[in-house]
file entry.txt (compact mmCIF, C-alpha atoms)
# COMPACT_ATOMS: atom_id res chain seq x y z
CA MET A 25 -64.16 6.19 -28.95
CA VAL A 26 -61.05 4.19 -29.63
CA LEU A 27 -62.90 1.01 -28.79
CA LYS A 28 -65.65 2.01 -31.19
CA LEU A 29 -63.08 2.63 -33.87
CA LEU A 30 -61.47 -0.76 -33.38
CA GLU A 31 -64.83 -2.51 -33.36
CA GLN A 32 -65.66 -1.05 -36.72
CA LEU A 33 -62.42 -2.15 -38.32
CA PRO A 34 -62.98 -4.87 -40.88
CA GLU A 35 -61.05 -8.11 -40.75
CA THR A 36 -58.40 -6.78 -43.06
CA PHE A 37 -57.46 -3.22 -43.86
CA PRO A 38 -54.78 -1.94 -46.20
CA PHE A 39 -53.13 0.46 -43.77
CA ALA A 40 -51.40 0.53 -40.41
CA LEU A 41 -53.21 2.21 -37.56
CA ILE A 42 -51.15 3.80 -34.80
CA LEU A 43 -52.94 4.67 -31.58
CA VAL A 44 -51.52 7.22 -29.20
CA LEU A 45 -53.53 7.44 -26.02
CA HIS A 46 -52.78 9.62 -23.05
CA ARG A 47 -52.25 7.06 -20.39
CA GLN A 48 -50.79 6.79 -16.95
CA LYS A 49 -47.06 7.21 -16.99
CA SER A 50 -46.19 4.17 -14.95
CA GLY A 51 -47.81 1.36 -13.12
CA PRO A 52 -49.13 -1.81 -14.65
CA SER A 53 -51.26 -1.23 -17.68
CA GLU A 54 -53.83 -3.55 -19.13
CA MET A 55 -54.47 -1.28 -22.07
CA ASP A 56 -53.10 -3.60 -24.71
CA LYS A 57 -55.13 -6.45 -23.26
CA VAL A 58 -58.31 -4.43 -23.09
CA LEU A 59 -57.89 -3.46 -26.71
CA ILE A 60 -57.07 -7.01 -27.76
CA LEU A 61 -60.55 -8.12 -26.87
CA ASN A 62 -61.92 -6.68 -30.05
CA LYS A 63 -62.70 -9.25 -32.70
CA HIS A 64 -59.89 -10.00 -35.08
CA THR A 65 -57.92 -6.93 -34.29
CA LYS A 66 -54.81 -7.63 -32.33
CA VAL A 67 -53.21 -4.55 -30.85
CA ILE A 68 -49.43 -4.53 -30.73
CA GLU A 69 -47.35 -2.48 -28.32
CA PRO A 70 -44.28 -2.28 -30.52
CA ASN A 71 -40.69 -2.61 -29.46
CA ASP A 72 -38.20 -0.03 -30.66
CA LYS A 73 -37.39 -0.42 -34.40
CA ASP A 74 -40.29 -2.82 -35.10
CA LEU A 75 -41.50 -2.48 -38.67
CA ILE A 76 -44.84 -0.81 -39.32
CA LEU A 77 -47.00 -3.12 -41.45
CA PRO A 78 -50.46 -2.81 -42.96
CA ASN A 79 -53.39 -4.59 -41.37
CA GLN A 80 -51.95 -3.99 -37.91
CA VAL A 81 -52.90 -1.77 -35.02
CA TYR A 82 -50.07 -0.34 -32.94
CA LEU A 83 -50.43 1.21 -29.52
CA ALA A 84 -47.76 3.66 -28.35
CA PRO A 85 -46.21 2.08 -25.24
CA GLN A 86 -46.61 3.62 -21.84
CA ASN A 87 -44.08 6.34 -21.07
CA TYR A 88 -42.53 6.53 -24.56
CA HIS A 89 -43.18 8.82 -27.50
CA LEU A 90 -43.66 6.88 -30.71
CA LEU A 91 -41.94 8.20 -33.83
CA VAL A 92 -42.03 6.90 -37.39
CA GLU A 93 -38.67 6.41 -39.12
CA ASP A 94 -38.19 6.87 -42.85
CA ASN A 95 -37.61 3.12 -43.26
CA ARG A 96 -41.15 2.61 -41.87
CA SER A 97 -40.05 1.41 -38.50
CA VAL A 98 -40.92 2.62 -35.03
CA SER A 99 -38.50 4.63 -32.92
CA LEU A 100 -39.39 4.95 -29.29
CA ASP A 101 -38.26 8.03 -27.46
CA TYR A 102 -38.06 8.71 -23.76
CA SER A 103 -37.50 12.45 -23.94
CA GLU A 104 -39.36 15.16 -22.05
CA THR A 105 -43.14 15.03 -21.79
CA ILE A 106 -45.04 17.22 -24.26
CA HIS A 107 -48.22 18.83 -22.96
CA TYR A 108 -47.55 16.80 -19.82
CA SER A 109 -47.90 13.66 -21.91
CA ARG A 110 -45.65 10.78 -22.86
CA PRO A 111 -46.68 9.36 -25.23
CA SER A 112 -47.69 12.59 -26.87
CA LEU A 113 -49.59 12.90 -30.15
CA ASP A 114 -47.47 15.68 -31.65
CA PRO A 115 -44.28 13.70 -32.41
CA THR A 116 -46.22 10.78 -33.87
CA PHE A 117 -48.29 12.99 -36.19
CA GLU A 118 -45.23 14.99 -37.12
CA SER A 119 -42.95 12.07 -37.97
CA ALA A 120 -45.75 10.17 -39.74
CA GLY A 121 -46.35 13.27 -41.85
CA ASP A 122 -42.65 13.47 -42.71
CA VAL A 123 -42.48 9.82 -43.76
CA TYR A 124 -45.87 9.07 -45.31
CA ALA A 125 -46.74 12.58 -46.60
CA HIS A 126 -49.93 12.36 -48.70
CA ARG A 127 -50.41 8.76 -47.65
CA ALA A 128 -50.77 9.76 -44.02
CA ALA A 129 -54.03 10.45 -42.28
CA GLY A 130 -54.14 11.95 -38.82
CA ILE A 131 -57.18 11.70 -36.61
CA LEU A 132 -57.44 13.91 -33.56
CA LEU A 133 -59.98 12.62 -31.10
CA SER A 134 -61.59 13.95 -27.98
CA GLY A 135 -59.18 14.95 -25.22
CA SER A 136 -58.53 17.52 -22.58
CA ASN A 137 -55.35 19.36 -23.54
CA HIS A 138 -53.81 20.86 -26.68
CA ASP A 139 -51.61 17.93 -27.60
CA GLY A 140 -51.83 16.89 -31.24
CA ALA A 141 -52.79 20.22 -32.80
CA GLU A 142 -49.29 21.23 -33.93
CA GLY A 143 -48.46 17.72 -35.08
CA LEU A 144 -51.67 17.43 -37.06
CA ALA A 145 -50.98 20.80 -38.68
CA HIS A 146 -47.57 19.53 -39.76
CA LEU A 147 -49.02 16.29 -41.10
CA ALA A 148 -51.55 18.27 -43.13
CA LYS A 149 -48.83 20.58 -44.41
CA MET A 150 -46.86 17.56 -45.63
CA GLY A 151 -49.88 16.52 -47.69
CA GLY A 152 -51.59 14.18 -45.25
CA GLN A 153 -55.31 14.21 -44.51
CA ALA A 154 -56.46 15.68 -41.23
CA PHE A 155 -59.56 14.50 -39.41
CA ILE A 156 -60.83 15.94 -36.18
CA GLN A 157 -63.57 14.57 -34.01
CA ASN A 158 -66.49 16.97 -34.16
CA PRO A 159 -66.23 18.92 -30.89
CA ALA A 160 -70.00 18.86 -30.56
CA PHE A 161 -69.77 15.10 -30.34
CA SER A 162 -66.73 14.98 -28.05
CA SER A 163 -66.82 14.35 -24.35
CA PHE A 164 -63.61 16.42 -24.01
CA PRO A 165 -63.74 19.07 -26.74
CA ALA A 166 -60.54 20.96 -25.78
CA MET A 167 -58.33 18.87 -27.99
CA PRO A 168 -60.51 18.94 -31.12
CA LEU A 169 -61.01 22.69 -30.68
CA ALA A 170 -57.26 23.29 -30.41
CA GLY A 171 -56.79 21.15 -33.50
CA LEU A 172 -59.38 23.14 -35.45
CA GLN A 173 -57.64 26.35 -34.59
CA LEU A 174 -54.43 25.19 -36.27
CA VAL A 175 -56.02 23.03 -38.95
CA PRO A 176 -59.24 24.83 -39.90
CA ASN A 177 -59.60 22.79 -43.09
CA ALA A 178 -59.62 19.45 -41.32
CA THR A 179 -62.56 17.17 -41.96
CA LEU A 180 -64.86 17.02 -38.96
CA VAL A 181 -66.04 13.52 -38.18
CA LYS A 182 -68.52 12.00 -35.81
CA PRO A 183 -67.42 8.83 -34.08
CA SER A 184 -69.81 6.75 -36.19
CA GLU A 185 -68.40 8.09 -39.48
CA LEU A 186 -64.77 7.59 -38.74
CA ILE A 187 -64.09 4.24 -40.34
CA ASN A 188 -65.98 5.17 -43.48
CA SER A 189 -63.91 8.31 -43.74
CA LEU A 190 -60.72 6.32 -43.45
CA PHE A 191 -61.73 3.97 -46.23
CA SER A 192 -62.74 6.86 -48.46
CA ILE A 193 -59.17 8.16 -48.61
CA MET B 18 -47.19 28.57 -28.88
CA ASN B 19 -43.87 27.48 -30.35
CA GLU B 20 -42.79 28.44 -33.82
CA TRP B 21 -43.01 25.42 -36.02
CA ILE B 22 -39.63 24.62 -37.57
CA ASP B 23 -39.22 22.65 -40.77
CA ILE B 24 -35.97 20.86 -41.50
CA LEU B 25 -35.20 18.90 -44.64
CA PRO B 26 -33.40 15.54 -44.40
CA GLU B 27 -30.41 17.00 -46.32
CA GLN B 28 -30.13 19.76 -43.75
CA ILE B 29 -29.93 17.17 -40.99
CA ASP B 30 -27.10 15.52 -42.94
CA ASP B 31 -25.30 18.86 -43.06
CA ILE B 32 -25.68 19.41 -39.33
CA ILE B 33 -24.38 15.92 -38.61
CA GLN B 34 -21.39 16.59 -40.86
CA ILE B 35 -20.55 19.88 -39.18
CA ILE B 36 -20.66 18.30 -35.73
CA ARG B 37 -18.52 15.38 -36.90
CA GLU B 38 -15.86 17.48 -38.56
CA GLN B 39 -15.76 20.29 -36.06
CA TYR B 40 -16.22 18.47 -32.77
CA GLY B 41 -15.66 14.75 -33.38
CA TYR B 42 -19.08 13.53 -32.30
CA ASP B 43 -20.73 11.25 -34.84
CA PHE B 44 -24.53 11.28 -34.86
CA GLY B 45 -24.75 9.67 -38.31
CA ASP B 46 -26.15 6.40 -36.97
CA TYR B 47 -28.56 7.94 -34.53
CA SER B 48 -32.24 7.23 -35.12
CA ARG B 49 -33.14 9.90 -37.65
CA ALA B 50 -36.68 10.72 -36.50
CA SER B 51 -35.72 11.35 -32.89
CA PHE B 52 -32.48 13.14 -33.82
CA THR B 53 -34.45 15.50 -36.07
CA ARG B 54 -36.86 16.19 -33.23
CA ARG B 55 -34.00 16.93 -30.89
CA VAL B 56 -32.46 19.38 -33.33
CA LYS B 57 -35.80 21.20 -33.60
CA HIS B 58 -36.08 21.14 -29.83
CA CYS B 59 -32.66 22.82 -29.54
CA MET B 60 -33.55 25.41 -32.15
CA GLN B 61 -36.76 26.28 -30.34
CA ALA B 62 -35.02 26.45 -26.98
CA ALA B 63 -32.34 28.78 -28.34
CA SER B 64 -34.75 30.76 -30.55
CA VAL B 65 -32.69 29.89 -33.62
CA LYS B 66 -35.06 30.48 -36.51
CA THR B 67 -33.41 28.86 -39.51
CA VAL B 68 -31.14 25.92 -40.20
CA SER B 69 -28.50 28.17 -41.71
CA ASP B 70 -28.43 30.23 -38.49
CA LEU B 71 -27.98 26.99 -36.60
CA GLN B 72 -25.11 25.96 -38.87
CA HIS B 73 -23.51 29.34 -38.37
CA HIS B 74 -23.66 29.03 -34.57
CA LEU B 75 -22.30 25.49 -34.66
CA LEU B 76 -19.43 26.44 -36.95
CA ASN B 77 -18.36 29.53 -35.07
CA GLU B 78 -19.28 29.19 -31.42
CA PRO B 79 -17.86 26.27 -29.43
CA SER B 80 -19.76 27.43 -26.34
CA PHE B 81 -22.98 27.20 -28.32
CA PHE B 82 -22.02 23.67 -29.28
CA ASN B 83 -21.52 22.70 -25.64
CA TRP B 84 -25.00 23.86 -24.85
CA PHE B 85 -26.34 22.20 -28.00
CA LEU B 86 -24.77 18.84 -27.12
CA GLN B 87 -26.24 18.97 -23.64
CA THR B 88 -29.70 19.74 -25.00
CA LEU B 89 -29.52 17.42 -28.02
CA THR B 90 -29.02 14.22 -26.07
CA VAL B 91 -31.96 12.96 -24.09
CA ASN B 92 -31.13 13.19 -20.42
CA VAL B 93 -34.45 12.14 -18.95
CA THR B 94 -34.11 9.45 -16.31
CA GLU B 95 -35.57 8.46 -12.98
CA MET B 96 -34.80 6.32 -9.94
CA PHE B 97 -36.14 2.79 -9.93
CA ARG B 98 -37.83 3.33 -13.26
CA ASP B 99 -39.73 0.12 -14.16
CA PRO B 100 -39.90 -1.41 -10.67
CA ILE B 101 -40.28 -4.91 -12.11
CA PHE B 102 -36.84 -4.56 -13.61
CA TYR B 103 -35.30 -3.70 -10.24
CA LYS B 104 -37.25 -6.48 -8.61
CA ALA B 105 -35.76 -8.92 -11.11
CA LEU B 106 -32.29 -7.50 -10.44
CA ARG B 107 -32.75 -7.98 -6.70
CA GLU B 108 -34.08 -11.48 -7.00
CA THR B 109 -32.24 -12.94 -9.95
CA VAL B 110 -29.07 -11.07 -10.80
CA ILE B 111 -27.65 -9.65 -7.59
CA PRO B 112 -27.51 -13.01 -5.75
CA ARG B 113 -25.40 -14.31 -8.66
CA LEU B 114 -23.09 -11.31 -8.59
CA ALA B 115 -22.43 -12.04 -4.92
CA SER B 116 -20.20 -14.95 -5.93
CA TYR B 117 -17.56 -12.65 -7.45
CA PRO B 118 -14.89 -11.27 -5.08
CA ILE B 119 -14.94 -7.92 -6.90
CA ILE B 120 -18.11 -6.99 -8.74
CA LYS B 121 -17.82 -4.75 -11.77
CA ILE B 122 -20.86 -3.06 -13.27
CA TRP B 123 -21.07 -0.71 -16.25
CA HIS B 124 -23.93 1.77 -16.63
CA ALA B 125 -23.63 2.84 -20.25
CA GLY B 126 -25.43 6.11 -21.00
CA CYS B 127 -26.12 6.93 -17.36
CA ALA B 128 -27.48 10.47 -18.01
CA THR B 129 -27.70 12.28 -14.66
CA GLY B 130 -27.16 9.10 -12.69
CA GLU B 131 -30.55 8.16 -11.23
CA GLU B 132 -30.30 4.53 -12.36
CA VAL B 133 -26.80 4.33 -10.93
CA PHE B 134 -28.09 5.63 -7.60
CA SER B 135 -30.79 2.97 -7.68
CA MET B 136 -28.25 0.24 -8.36
CA ALA B 137 -26.04 1.45 -5.51
CA ILE B 138 -29.01 1.19 -3.15
CA LEU B 139 -29.76 -2.37 -4.26
CA LEU B 140 -26.13 -3.34 -3.75
CA LYS B 141 -25.96 -1.70 -0.36
CA GLU B 142 -29.08 -3.54 0.74
CA ALA B 143 -27.54 -6.80 -0.46
CA GLY B 144 -24.35 -6.04 1.48
CA LEU B 145 -22.30 -5.90 -1.72
CA LEU B 146 -21.67 -2.22 -2.27
CA ASP B 147 -18.23 -2.22 -0.63
CA ARG B 148 -16.83 -4.75 -3.07
CA THR B 149 -18.49 -3.33 -6.18
CA ARG B 150 -17.03 -0.92 -8.71
CA ILE B 151 -19.63 0.86 -10.80
CA TYR B 152 -18.41 2.50 -14.00
CA ALA B 153 -21.02 5.03 -15.03
CA THR B 154 -20.46 6.58 -18.43
CA ASP B 155 -22.18 9.11 -20.61
CA LEU B 156 -21.45 11.07 -23.74
CA ASN B 157 -22.32 14.27 -22.00
CA PRO B 158 -19.88 15.90 -19.52
CA ALA B 159 -22.58 18.09 -17.99
CA ASN B 160 -24.62 15.00 -17.12
CA LEU B 161 -21.65 13.40 -15.41
CA GLU B 162 -20.99 16.52 -13.37
CA LYS B 163 -24.57 16.49 -12.14
CA ALA B 164 -24.47 12.76 -11.43
CA ARG B 165 -21.29 13.07 -9.35
CA ARG B 166 -23.01 15.53 -7.07
CA GLY B 167 -25.99 13.21 -6.57
CA ILE B 168 -28.49 16.04 -6.82
CA MET B 169 -32.11 15.41 -7.74
CA PRO B 170 -35.23 17.60 -7.83
CA LEU B 171 -37.31 17.34 -4.70
CA ASN B 172 -40.58 17.01 -6.57
CA ALA B 173 -39.47 13.75 -8.20
CA LEU B 174 -38.94 11.97 -4.91
CA LYS B 175 -42.53 11.02 -4.32
CA GLU B 176 -42.53 8.97 -7.47
CA TYR B 177 -39.06 7.52 -6.79
CA THR B 178 -40.19 6.41 -3.36
CA ALA B 179 -43.23 4.68 -4.85
CA ASN B 180 -41.02 3.01 -7.46
CA TYR B 181 -38.59 1.87 -4.77
CA LEU B 182 -41.35 0.26 -2.75
CA ARG B 183 -42.79 -1.45 -5.81
CA SER B 184 -39.35 -2.81 -6.64
CA GLY B 185 -39.40 -4.68 -3.34
CA GLY B 186 -37.49 -2.13 -1.24
CA THR B 187 -38.21 -2.38 2.47
CA GLU B 188 -35.96 0.28 3.99
CA ASP B 189 -36.91 3.86 4.77
CA PHE B 190 -36.18 5.44 1.38
CA SER B 191 -35.63 8.87 2.89
CA SER B 192 -32.56 7.53 4.70
CA TYR B 193 -30.75 7.53 1.34
CA TYR B 194 -30.87 11.26 0.77
CA GLU B 195 -30.83 14.60 2.49
CA ALA B 196 -33.64 16.99 1.61
CA LYS B 197 -32.84 20.63 0.89
CA ARG B 198 -35.27 23.35 -0.06
CA ASP B 199 -36.02 22.32 -3.65
CA HIS B 200 -33.69 19.40 -4.21
CA VAL B 201 -32.25 16.38 -2.47
CA ILE B 202 -28.69 15.14 -2.24
CA LEU B 203 -27.97 11.46 -2.36
CA ASP B 204 -26.01 10.03 0.55
CA SER B 205 -22.48 10.36 -0.79
CA SER B 206 -21.35 7.06 0.72
CA LEU B 207 -23.51 5.36 -1.93
CA LEU B 208 -21.29 6.84 -4.63
CA LYS B 209 -17.87 6.16 -3.17
CA ASN B 210 -17.26 3.20 -5.46
CA VAL B 211 -18.79 4.80 -8.51
CA LEU B 212 -16.52 6.15 -11.22
CA PHE B 213 -18.25 8.61 -13.55
CA SER B 214 -16.46 9.13 -16.82
CA GLN B 215 -17.06 10.17 -20.39
CA HIS B 216 -17.50 7.39 -22.94
CA ASN B 217 -19.01 7.59 -26.39
CA LEU B 218 -20.73 4.37 -27.45
CA VAL B 219 -20.33 5.39 -31.09
CA THR B 220 -16.56 5.65 -31.12
CA ASP B 221 -15.04 4.32 -27.87
CA GLN B 222 -13.97 0.76 -27.28
CA VAL B 223 -13.94 -1.92 -24.60
CA PHE B 224 -12.29 -0.48 -21.48
CA ASN B 225 -12.84 -3.17 -18.86
CA GLU B 226 -14.61 -6.45 -18.17
CA PHE B 227 -17.95 -6.53 -16.36
CA GLN B 228 -20.34 -8.97 -14.77
CA LEU B 229 -23.30 -6.70 -15.45
CA ILE B 230 -23.91 -4.03 -18.07
CA CYS B 231 -26.98 -1.80 -17.81
CA CYS B 232 -27.91 0.20 -20.86
CA ARG B 233 -31.55 1.04 -20.63
CA ASN B 234 -33.33 3.37 -23.06
CA VAL B 235 -30.15 4.43 -24.78
CA LEU B 236 -30.20 2.16 -27.83
CA ILE B 237 -33.63 3.53 -28.81
CA TYR B 238 -31.85 6.68 -30.01
CA PHE B 239 -29.66 4.67 -32.41
CA ASN B 240 -30.44 3.08 -35.75
CA LYS B 241 -30.17 -0.67 -36.18
CA THR B 242 -26.62 -0.56 -37.50
CA LEU B 243 -25.34 1.26 -34.46
CA GLN B 244 -27.48 -0.83 -32.11
CA ASN B 245 -25.80 -3.94 -33.48
CA ARG B 246 -22.36 -2.44 -33.11
CA VAL B 247 -22.97 -1.39 -29.51
CA LEU B 248 -24.38 -4.81 -28.62
CA HIS B 249 -21.14 -6.36 -29.92
CA LEU B 250 -19.22 -3.93 -27.73
CA PHE B 251 -21.27 -5.07 -24.74
CA TYR B 252 -20.73 -8.72 -25.59
CA ASP B 253 -16.98 -8.13 -25.74
CA SER B 254 -17.09 -6.22 -22.44
CA LEU B 255 -18.89 -8.97 -20.52
CA VAL B 256 -17.33 -11.91 -18.73
CA PRO B 257 -18.72 -15.27 -19.84
CA LEU B 258 -22.14 -15.61 -18.15
CA GLY B 259 -22.18 -11.86 -17.49
CA TYR B 260 -25.55 -10.08 -17.48
CA MET B 261 -26.87 -7.38 -19.78
CA ALA B 262 -29.97 -5.27 -19.09
CA LEU B 263 -31.79 -3.27 -21.77
CA GLY B 264 -34.85 -1.00 -21.69
CA MET B 265 -38.30 -2.54 -21.50
CA LYS B 266 -39.03 -1.85 -25.16
CA GLU B 267 -35.60 -2.73 -26.52
CA SER B 268 -35.40 -6.10 -28.19
CA LEU B 269 -32.52 -8.37 -29.12
CA LEU B 270 -34.81 -10.22 -31.48
CA PHE B 271 -33.35 -9.27 -34.84
CA MET B 272 -29.84 -8.46 -33.71
CA ASP B 273 -26.89 -10.49 -34.85
CA VAL B 274 -25.64 -11.03 -31.30
CA ARG B 275 -28.95 -12.72 -30.43
CA PRO B 276 -27.59 -16.30 -30.48
CA LYS B 277 -24.77 -15.32 -28.15
CA PHE B 278 -27.13 -14.41 -25.31
CA ASP B 279 -29.61 -16.33 -23.18
CA THR B 280 -32.78 -14.62 -21.99
CA ILE B 281 -32.93 -14.55 -18.22
CA LYS B 282 -36.07 -12.46 -17.70
CA ASP B 283 -37.87 -11.48 -20.86
CA GLU B 284 -40.35 -9.14 -19.16
CA ALA B 285 -37.45 -7.23 -17.56
CA LYS B 286 -35.18 -7.45 -20.63
CA ILE B 287 -32.33 -9.14 -18.75
CA PHE B 288 -29.99 -11.27 -20.82
CA ARG B 289 -26.86 -13.24 -20.12
CA ARG B 290 -23.82 -13.78 -22.28
CA LYS B 291 -23.32 -17.43 -23.10
CA SER B 292 -20.00 -18.87 -21.97
call {"tool": "encode", "arguments": {"input": "entry.txt", "output": "structure tokens"}}
result
Amino acid sequence: MVLKLLEQLPETFPFALILVLHRQKSGPSEMDKVLILNKHTKVIEPNDKDLILPNQVYLAPQNYHLLVEDNRSVSLDYSETIHYSRPSLDPTFESAGDVYAHRAAGILLSGSNHDGAEGLAHLAKMGGQAFIQNPAFSSFPAMPLAGLQLVPNATLVKPSELINSLFSI
Amino acid sequence: MNEWIDILPEQIDDIIQIIREQYGYDFGDYSRASFTRRVKHCMQAASVKTVSDLQHHLLNEPSFFNWFLQTLTVNVTEMFRDPIFYKALRETVIPRLASYPIIKIWHAGCATGEEVFSMAILLKEAGLLDRTRIYATDLNPANLEKARRGIMPLNALKEYTANYLRSGGTEDFSSYYEAKRDHVILDSSLLKNVLFSQHNLVTDQVFNEFQLICCRNVLIYFNKTLQNRVLHLFYDSLVPLGYMALGMKESLLFMDVRPKFDTIKDEAKIFRRKS
């Protein structure tokens, strides 16, 4: 799904995309390299306090939560796991909602726990747009279903519609 | 499900001011997004519903503040975290330290001590532990108390053992601790040259001179201003050609001390003070 999303990205796009994927906590990871393979899109695993810029895709590093600071930089955070996950979706959604408010969009994809639902609800409450992968088209519907419970007004999207939805904002 | 707590930026300012005036800890240059999260985390843990309730507790109950401080700071740590870092220490840094008659190492922000324990094991295996002094400091007295006792949860040991092996360790890892029912105790001889003491990177100054400073995943909780200040403190606390180790995602790139350090191992974030 993430690969599909990256493939559909045009050469330039006027926003920053932050990916938070539940990944193995330690051990060598090739994730950033796998994702790099896609066309023009270079995926960056940011260092702490790197600036968030448009036309870039950021991947939350292994074993850190990724938070957005009000000066539009990244803060990494090595605190407790949330929903057994680090990185977890909740703190990224939540801090992005605080900083970008109505200019934020949160997309909750397929996944097998309840991470992301509370964060997405906060992002929506701050004026951001919430998208949730249609559970009927999700290989792991638990996460979208949990999201829908807290954000019933979220726009349901199929994988193929996602990029169009983003550009329609 | 947890109650969702909303805090306004001005309210965070107020909380920071109360803590500064009442207790002398200054969180003003902490990274705001993670500090805000920590405050919410504390409120949830203590079932404090509103910011004004929190302020009331902080103003009137020193024992509440002690708990709050312990919970506010991030105390997550593990042994041999990032094995490639420890491998680089073993191969590149420790052989250089061997040339000093007395080796002095500072672990700044040691939390509950797991990285200090790892360092002690490396030094022991290199035959250097007896002539090393490790100064392990943290803001948080409760962390230091735990670290001194060398106690770790039993269920973490499987991962620590795997980390140790991946860092190039060849000994029987279980020889370094004694297993109890649900925890383990580190062999106390590993800690005999370790001095645990309280030090606040925000306000405290240079207190000794070191050949190696480890401060991994501590600066991420600070804003750039404070990061710069602390890096100057480290520079001033290092001997010429002394080593400094940061966390894997902490960069010197845009810091004003950058030209004063050489990069020794970029992938392990090991730097060395120029002479």
call {"tool": "atom_distance", "arguments": {"input": "entry.txt", "atom1": "CA of Ile193 (chain A)", "atom2": "CA of Val181 (chain A)"}}
result
13.6 Å
call {"tool": "interface_residues", "arguments": {"input": "entry.txt", "of": "chain B", "to": "chain A", "cutoff": "6 Å", "atoms": "all atoms listed in the file", "output": "short mmCIF file (atom, residue, chain, number, x, y, z; two decimals) with C-alpha atoms, in the frame of the given file"}}
result
data_model
loop_
_atom_site.label_atom_id
_atom_site.label_comp_id
_atom_site.auth_asym_id
_atom_site.auth_seq_id
_atom_site.Cartn_x
_atom_site.Cartn_y
_atom_site.Cartn_z
CA ALA B 50 -36.68 10.72 -36.50
CA VAL B 91 -31.96 12.96 -24.09
CA VAL B 93 -34.45 12.14 -18.95
CA ILE B 237 -33.63 3.53 -28.81
CA LYS B 266 -39.03 -1.85 -25.16
CA GLU B 267 -35.60 -2.73 -26.52
#
call {"tool": "atom_distance", "arguments": {"input": "entry.txt", "atom1": "CA of Asp199 (chain B)", "atom2": "CA of Cys231 (chain B)"}}
result
29.4 Å
call {"tool": "residues_around", "arguments": {"input": "entry.txt", "residues": "His124 (chain B)", "least_positions_apart": "2", "cutoff": "8 Å", "atoms": "only C-alpha atoms", "output": "ChimeraX atom specification"}}
result
/B:122,126-127,133,151-154,230-232
call {"tool": "atom_distance", "arguments": {"input": "entry.txt", "atom1": "CA of Ala128 (chain B)", "atom2": "CA of Val247 (chain B)"}}
result
17.1 Å
call {"tool": "residues_near_point", "arguments": {"input": "entry.txt", "point": "(-51.4, -3.8, -39.6)", "cutoff": "8 Å", "atoms": "only C-alpha atoms", "output": "PDB file with C-alpha atoms, keeping the file's coordinate frame"}}
result
ATOM      1  CA  PHE A  37     -57.460  -3.220 -43.860  1.00  0.00           C
ATOM      2  CA  PRO A  38     -54.780  -1.940 -46.200  1.00  0.00           C
ATOM      3  CA  PHE A  39     -53.130   0.460 -43.770  1.00  0.00           C
ATOM      4  CA  ALA A  40     -51.400   0.530 -40.410  1.00  0.00           C
ATOM      5  CA  LEU A  41     -53.210   2.210 -37.560  1.00  0.00           C
ATOM      6  CA  ILE A  76     -44.840  -0.810 -39.320  1.00  0.00           C
ATOM      7  CA  LEU A  77     -47.000  -3.120 -41.450  1.00  0.00           C
ATOM      8  CA  PRO A  78     -50.460  -2.810 -42.960  1.00  0.00           C
ATOM      9  CA  ASN A  79     -53.390  -4.590 -41.370  1.00  0.00           C
ATOM     10  CA  GLN A  80     -51.950  -3.990 -37.910  1.00  0.00           C
ATOM     11  CA  VAL A  81     -52.900  -1.770 -35.020  1.00  0.00           C
ATOM     12  CA  TYR A  82     -50.070  -0.340 -32.940  1.00  0.00           C
TER      13      TYR A  82
END
call {"tool": "closest_residue", "arguments": {"input": "entry.txt", "among": "A:Val26, A:Ile106, A:Lys182, A:Gln173", "to": "Asn158 (chain A)", "atoms": "all atoms listed in the file"}}
result
A:Lys182
call {"tool": "residues_around", "arguments": {"input": "entry.txt", "residues": "Ile111 (chain B)", "least_positions_apart": "5", "cutoff": "9 Å", "atoms": "only C-alpha atoms", "output": "MDAnalysis selection string"}}
result
chainID B and resid 105:106 139:140 143 145
call {"tool": "residues_around", "arguments": {"input": "entry.txt", "residues": "Trp84 (chain B)", "least_positions_apart": "4", "cutoff": "12 Å", "atoms": "only C-alpha atoms", "output": "compact mmCIF listing (two decimals) with C-alpha atoms, in the coordinates of the input"}}
result
# COMPACT_ATOMS: atom_id res chain seq x y z
CA CYS B 59 -32.66 22.82 -29.54
CA MET B 60 -33.55 25.41 -32.15
CA ALA B 62 -35.02 26.45 -26.98
CA ALA B 63 -32.34 28.78 -28.34
CA HIS B 74 -23.66 29.03 -34.57
CA LEU B 75 -22.30 25.49 -34.66
CA GLU B 78 -19.28 29.19 -31.42
CA PRO B 79 -17.86 26.27 -29.43
CA SER B 80 -19.76 27.43 -26.34
CA THR B 88 -29.70 19.74 -25.00
CA LEU B 89 -29.52 17.42 -28.02
CA THR B 90 -29.02 14.22 -26.07
CA ASN B 157 -22.32 14.27 -22.00
CA PRO B 158 -19.88 15.90 -19.52
CA ALA B 159 -22.58 18.09 -17.99
CA ASN B 160 -24.62 15.00 -17.12
call {"tool": "residues_around", "arguments": {"input": "entry.txt", "residues": "region 290-292 of chain B", "least_positions_apart": "5", "cutoff": "12 Å", "atoms": "only C-alpha atoms", "output": "PyMOL selection string"}}
result
chain B and resi 227-230+248-249+251-262+274-281
